[in-house]
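Participant: Dropping a structure here in structure tokens format, bear with me for questions.
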Amino acid sequence: MGTIHGTDLRASDAFFHSNGYTPAPRLVQWMSTARCSYGCPHCLTADLGASAALTTREAKQLIDQVAALGVHEMLVTGGEPLERPDLPELIDHLAGRGQRWSLNTARKPTGAILDAMARWPPGFAAVSLDGPKQVHDAFRGRQGAFDEAIESIAILSELTGGSTAIGTTVTRSNYGWLAETLRVVAGSDASTWGLHLVVPEGRAAMRKDLLLTDAHVQGLLRFVASKRGAFPVMMADEIGYCGDWEPLVRDEPFFCGAGRAQCVVLPDGEVVACTTADRRNSAGNVRTASLESIWRDGFKALRRESVSGKCRDCAYAPACGGGCWLQRRHGTHCFKRAWERPSTLTTTAGAAVCLGLAACRGAEPPPVAPAPPAQVVSAPVPAVSSAPPQAVDAGQSEAPTTERLVSRYGFDLLDWMILEMYMGRLRSPVPARLEMLAPKDPGFGYLATYLAGPRPQDLVQRAAQMRAALATRQRSLQLGLLMWRDLTEWCLDGPTPATRTEEQKKTLREAMGSVRDATNRWRTEIFDQKLEPFMNRDGEVRGFFRSKAGPPPELIMGEKAAQKHWPNAAQLTRDYLTQHPLGEQMLLRMTPSAGASIERLTPQGRAPVKAGDKLGVFDLLMVGPGKGASLTLTSGTESAAVALPAGTELTYGDVLRLAYEQNRAALDSKVQQTSGPEASPLLLPALRAKIASSGDPEQRLRIRLDDLWMF
């Protein structure tokens, strides 16, 4: 792969903070052509018309300038770049200059283009996908577009060594299909999934019906946050800053690099800050000026720009910086109404994440030793592989040892296998690769037992299996959620709370507490590293997402966890995760009836339930003796009144069971009406009942039920 030329990254960091831009663009995106045989309603390059694209000679000159500048990466896009006939020659020229490049496409490379890519592969590739087959083909305006995209992902994944992403632009037309799209993404060879908001540029400027409402954006954030434990999905930059949701939906804090760390060359050579076809924003044309001079002298307004208007008085301005420049051009940049939870700014942890270290440290931090120059790798390593890792393929003639497998794939392998189970690709009989792992690690052993057949009706036996599994060496949130599902299904199908024995009550309480404590402990270990960049913003040039999808480029990273700027970082991590409990999307808001005697038991203690309190997945409700009590449960737009029997101890699953038994007709009717990316947890029992009663259950219903189990 290509190497980084030019200025040391730490020097670049200092230059950025003195001048407002990097000495050379970190990314140059080249819209190589306006041609595209698809008819997407949000097409950006439709406004470019038949503009005269750079000739082959001019395109080679552009590549020469990019390489001479020391640009880290050149992203080739369009239109549809594979429809540019001289692309093979240009790829060979990239190879001759040793220039790292990446590709953004919706088509399948073939023939001479594929041959050229084999000689000099892209370091990263992104393939556009709008949803399942019927959704994608309709959006692209061509039957067969979906099949071609899936083939393209497989080809490009092999060429890039697995560094291939799927990019989905979320509009009102495909928002309701996100759960199904996840199944497609996870079943493909893509390593990551980037979700983008449509920007009112090009054709989308005339299609207000494509833009998401605040309710859609809020649902999208919940969806991404709930699925990142199962698959590496993340929000791209068009949504801008997301407050304390940032670590839940991204790997790095939001940073808009338009005109400051990246630029875009349009097909006719005009250079703009980001992906707009509006030439009024051009800083020059590479046909008449060098890219170096355009970068050095252009985009001055962006580089000296400070927040203005309403943004000036916003508490989040230091971290947000006005949001995405493309959205800001149209006044569609602020989604605060969707993500803001003002209470987060009243806590140290919330302020740390929302505003960075400067907002919470008070006095200057203690001095630390300067970090060594950042190491740059040739390609980002995905956190999880969506395709079966080659080492655990049951069809291999020589399977490696279990120890090598666990060592190589670390936390990810068990999560991947559980995802495979939900995708329907890991069923009984237990696959050979899982049998091989099961005797060596109790986490894998538990999954094998779960797949092997019906679960034991005896709760003590189930709890014993879970207790053994908690000794796993993995740190798998999906394992914890699978054990929660196991206990919850016993609550939904087994003895009612009023008829349980004292032994069953004690076993259930202890098992739920053990799973809760282990899962939260694993989550703390995982998130400690994830939160580091979000709490340590000062003095950092942060990364930005490549256009259309995927992981950020290699970043100028901060100090390692052991060299943190403030001494109470571990406590801040714990405080943040307390504000964002596991299963946050599953919380049920409770409104008790007047005089109801109900207490909620959480890890923080025992307290009476009052209006507005939320029931978490690991909480217990204690109903006082006497005549019982009643609650109204609310999740999103769904609500249900439920009477609780006196003198009982109720889990989350018990409450769902009672709500369904008492509101069966209403909840059954709502099962078919759900249109968002995820179903309300109140519908979980109704979904189970609908699927169980049907000989041929609808695939969408099963997917929505799996989504609830995968929260």
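Chain labels A, B, ... are given in the sequence in which chains occur in the structure tokens; within each chain residues are numbered consecutively from 1, and ligands are likewise numbered from 1 in the order shown.
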What are the DSSP strand (DSSP E) residues of stretch 5-224 of chain A, as a PDB file with C-alpha atoms, in the first residue's frame?
Facilitator:
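The result, written out as selection-v5.pdb:
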```pdb
ATOM      1  CA  LEU A  27      -8.171  13.362   2.031  1.00  0.00           C
ATOM      2  CA  VAL A  28      -8.737  14.523  -1.521  1.00  0.00           C
ATOM      3  CA  GLN A  29     -11.996  13.263  -2.937  1.00  0.00           C
ATOM      4  CA  TRP A  30     -12.141  13.271  -6.711  1.00  0.00           C
ATOM      5  CA  MET A  31     -15.505  13.140  -8.426  1.00  0.00           C
ATOM      6  CA  GLU A  73      -5.537   9.263   0.636  1.00  0.00           C
ATOM      7  CA  MET A  74      -7.246   9.987  -2.668  1.00  0.00           C
ATOM      8  CA  LEU A  75     -10.875   8.878  -2.797  1.00  0.00           C
ATOM      9  CA  VAL A  76     -12.140   8.169  -6.321  1.00  0.00           C
ATOM     10  CA  THR A  77     -15.879   8.607  -6.647  1.00  0.00           C
ATOM     11  CA  TRP A 101      -6.356   5.483  -2.927  1.00  0.00           C
ATOM     12  CA  SER A 102      -9.871   4.390  -2.060  1.00  0.00           C
ATOM     13  CA  LEU A 103     -13.044   3.829  -4.035  1.00  0.00           C
ATOM     14  CA  ASN A 104     -16.675   4.758  -3.661  1.00  0.00           C
ATOM     15  CA  THR A 105     -19.009   2.871  -6.000  1.00  0.00           C
ATOM     16  CA  PHE A 124     -10.479   0.990   1.329  1.00  0.00           C
ATOM     17  CA  ALA A 125     -13.714   0.676  -0.621  1.00  0.00           C
ATOM     18  CA  ALA A 126     -17.296   1.685   0.053  1.00  0.00           C
ATOM     19  CA  VAL A 127     -20.320   0.328  -1.791  1.00  0.00           C
ATOM     20  CA  SER A 128     -23.648   2.130  -1.669  1.00  0.00           C
ATOM     21  CA  THR A 164     -14.769  -2.652   2.594  1.00  0.00           C
ATOM     22  CA  ALA A 165     -17.797  -0.840   3.962  1.00  0.00           C
ATOM     23  CA  ILE A 166     -21.421  -0.511   3.020  1.00  0.00           C
ATOM     24  CA  GLY A 167     -22.743   3.035   2.940  1.00  0.00           C
ATOM     25  CA  THR A 168     -26.468   3.690   3.348  1.00  0.00           C
ATOM     26  CA  THR A 169     -27.994   7.124   2.942  1.00  0.00           C
ATOM     27  CA  VAL A 170     -31.002   7.098   5.255  1.00  0.00           C
ATOM     28  CA  THR A 192     -18.400  -1.984   8.530  1.00  0.00           C
ATOM     29  CA  TRP A 193     -21.640  -0.104   7.871  1.00  0.00           C
ATOM     30  CA  GLY A 194     -21.818   3.693   7.634  1.00  0.00           C
ATOM     31  CA  LEU A 195     -25.165   5.463   7.950  1.00  0.00           C
ATOM     32  CA  HIS A 196     -25.548   8.892   6.335  1.00  0.00           C
ATOM     33  CA  LEU A 197     -28.262  11.503   6.332  1.00  0.00           C
TER      34      LEU A 197
END
```
Participant: Write out as a list in words which residues come within 9 Å of stretch 593-601 of chain A when counting only C-alpha atoms, dropping same-chain ones fewer than 2 positions away.
Facilitator: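 So, after excluding close chain neighbours, the residues are Thr591, Pro603, Gln604, Gly605, Arg606, Ala607, Pro608, Val609, Lys610, Ala611, Leu615, Asp619, Leu620, Leu621, Met622, Val623, Gly624, Pro625, Gly628, Ala629, Ser630, Leu631, Thr632 and Ala646 of chain A.
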Participant: Which value, in Å to one decimal, gives the distance between atom CA of A:Asp268 and atom CA of A:Gly141?
Facilitator: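 Straight-line distance from atom CA of A:Asp268 to atom CA of A:Gly141 works out to 26.3 Å.
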Participant: Which value, in Å to one decimal, gives the distance between atom CA of A:Thr288 and atom CA of A:Leu44?
Facilitator: 24.5 Å
Participant: So that I can see what lies close to stretch 111-121 of chain A, please list as an MDAnalysis selection string the residues with an atom at most 6 Å from it, counting only C-alpha atoms and leaving out residues fewer than 5 positions away in the same chain.
Facilitator: chainID A and resid 88 95 159
Participant: Set the distance at 8 Å and use only C-alpha atoms: which residues neighbour A:Arg475 once local chain neighbours fewer than 2 positions away are removed? I'd like the list as a PyMOL selection string.
Facilitator: chain A and resi 411+472-473+477+522-523+526
Participant: Output N, CA and C atoms for every residue in that selection, as an mmCIF file, in the first residue's frame.
Facilitator:
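The resulting part_37.cif:
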```cif
data_model
loop_
_atom_site.group_PDB
_atom_site.id
_atom_site.type_symbol
_atom_site.label_atom_id
_atom_site.label_comp_id
_atom_site.auth_asym_id
_atom_site.auth_seq_id
_atom_site.Cartn_x
_atom_site.Cartn_y
_atom_site.Cartn_z
ATOM 1 N N PHE A 411 -12.142 -10.442 21.731
ATOM 2 C CA PHE A 411 -13.510 -10.199 22.138
ATOM 3 C C PHE A 411 -14.506 -10.432 21.009
ATOM 4 N N THR A 472 -16.038 -17.025 31.263
ATOM 5 C CA THR A 472 -15.428 -16.893 29.943
ATOM 6 C C THR A 472 -14.285 -15.888 29.941
ATOM 7 N N ARG A 473 -13.346 -16.098 29.037
ATOM 8 C CA ARG A 473 -12.267 -15.132 28.841
ATOM 9 C C ARG A 473 -12.672 -14.020 27.880
ATOM 10 N N LEU A 477 -20.622 -8.511 24.996
ATOM 11 C CA LEU A 477 -21.917 -7.975 25.408
ATOM 12 C C LEU A 477 -23.046 -8.845 24.874
ATOM 13 N N TRP A 522 -17.962 -6.051 31.848
ATOM 14 C CA TRP A 522 -17.370 -6.167 30.505
ATOM 15 C C TRP A 522 -17.550 -4.871 29.729
ATOM 16 N N ARG A 523 -18.725 -4.313 29.840
ATOM 17 C CA ARG A 523 -19.013 -3.076 29.105
ATOM 18 C C ARG A 523 -18.080 -1.955 29.557
ATOM 19 N N ILE A 526 -14.700 -2.518 27.917
ATOM 20 C CA ILE A 526 -14.742 -2.219 26.486
ATOM 21 C C ILE A 526 -14.797 -0.714 26.252
#
```
Participant: Check the smallest atom-to-atom distance from each of A:Glu649, A:Asp214, A:Asp575, A:Glu292 to A:Gln65 using only C-alpha atoms, then report the winner.
Facilitator: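 Smallest distance to A:Gln65 is found for A:Glu292.
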Participant: Can you list, as a ChimeraX atom specification, every residue of stretch 15-47 of chain A that DSSP puts in helix (DSSP H, G or I)?
Facilitator: /A:15-19,45-47
Participant: Which residues are close to stretch 452-458 of chain A, i.e. within 8 Å by only C-alpha atoms, leaving aside same-chain residues fewer than 5 positions away? Reply as an NGL selection string.
Facilitator: :A and (428-430 or 490 or 494)
Participant: Let's have the selection written as a short mmCIF file (atom, residue, chain, number, x, y, z; two decimals), in the first residue's frame, with N, CA, C and O atoms.
Facilitator:
```
data_model
loop_
_atom_site.label_atom_id
_atom_site.label_comp_id
_atom_site.auth_asym_id
_atom_site.auth_seq_id
_atom_site.Cartn_x
_atom_site.Cartn_y
_atom_site.Cartn_z
N SER A 428 -28.64 -25.54 15.11
CA SER A 428 -28.39 -26.93 15.49
C SER A 428 -28.48 -27.81 14.25
O SER A 428 -29.34 -27.56 13.39
N PRO A 429 -27.65 -28.83 14.06
CA PRO A 429 -26.60 -29.26 14.98
C PRO A 429 -25.46 -28.25 15.07
O PRO A 429 -25.21 -27.50 14.13
N VAL A 430 -24.80 -28.25 16.21
CA VAL A 430 -23.77 -27.27 16.47
C VAL A 430 -22.66 -27.38 15.44
O VAL A 430 -22.13 -28.47 15.19
N TRP A 490 -37.71 -17.66 30.18
CA TRP A 490 -38.26 -18.48 31.27
C TRP A 490 -39.38 -17.72 31.98
O TRP A 490 -40.41 -18.29 32.32
N GLY A 494 -42.62 -19.65 31.79
CA GLY A 494 -42.66 -20.52 32.96
C GLY A 494 -43.74 -20.15 33.95
O GLY A 494 -44.72 -19.49 33.60
#
```
Participant: Could you produce a table of the residues of stretch 21-70 of chain A lying within 9 Å of stretch 294-316 of chain A, with the nearest pair of atoms per residue and their separation in Å rounded to one decimal, using only C-alpha atoms, ordered by chain and increasing residue number, as a tab-separated table?
Facilitator:
```
residue	atom	partner	partner_atom	distance
A:Tyr21	CA	A:Arg303	CA	6.5
A:Pro23	CA	A:Arg296	CA	7.7
A:Ala24	CA	A:Trp295	CA	7.4
A:Pro25	CA	A:Trp295	CA	7.7
```
Participant: So which one's closest to A:Pro592, A:Ala53, A:Met710, A:Leu644, A:Ala569? Using only C-alpha atoms, please.
Facilitator: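 Checking each candidate against A:Pro592, we get A:Leu644 as the closest.
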Participant: Between atom CA of A:Thr651 and atom CA of A:Cys491, what distance in Å does the model show, to one decimal?
Facilitator: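 Going from atom CA of A:Thr651 over to atom CA of A:Cys491, I get 7.8 Å.
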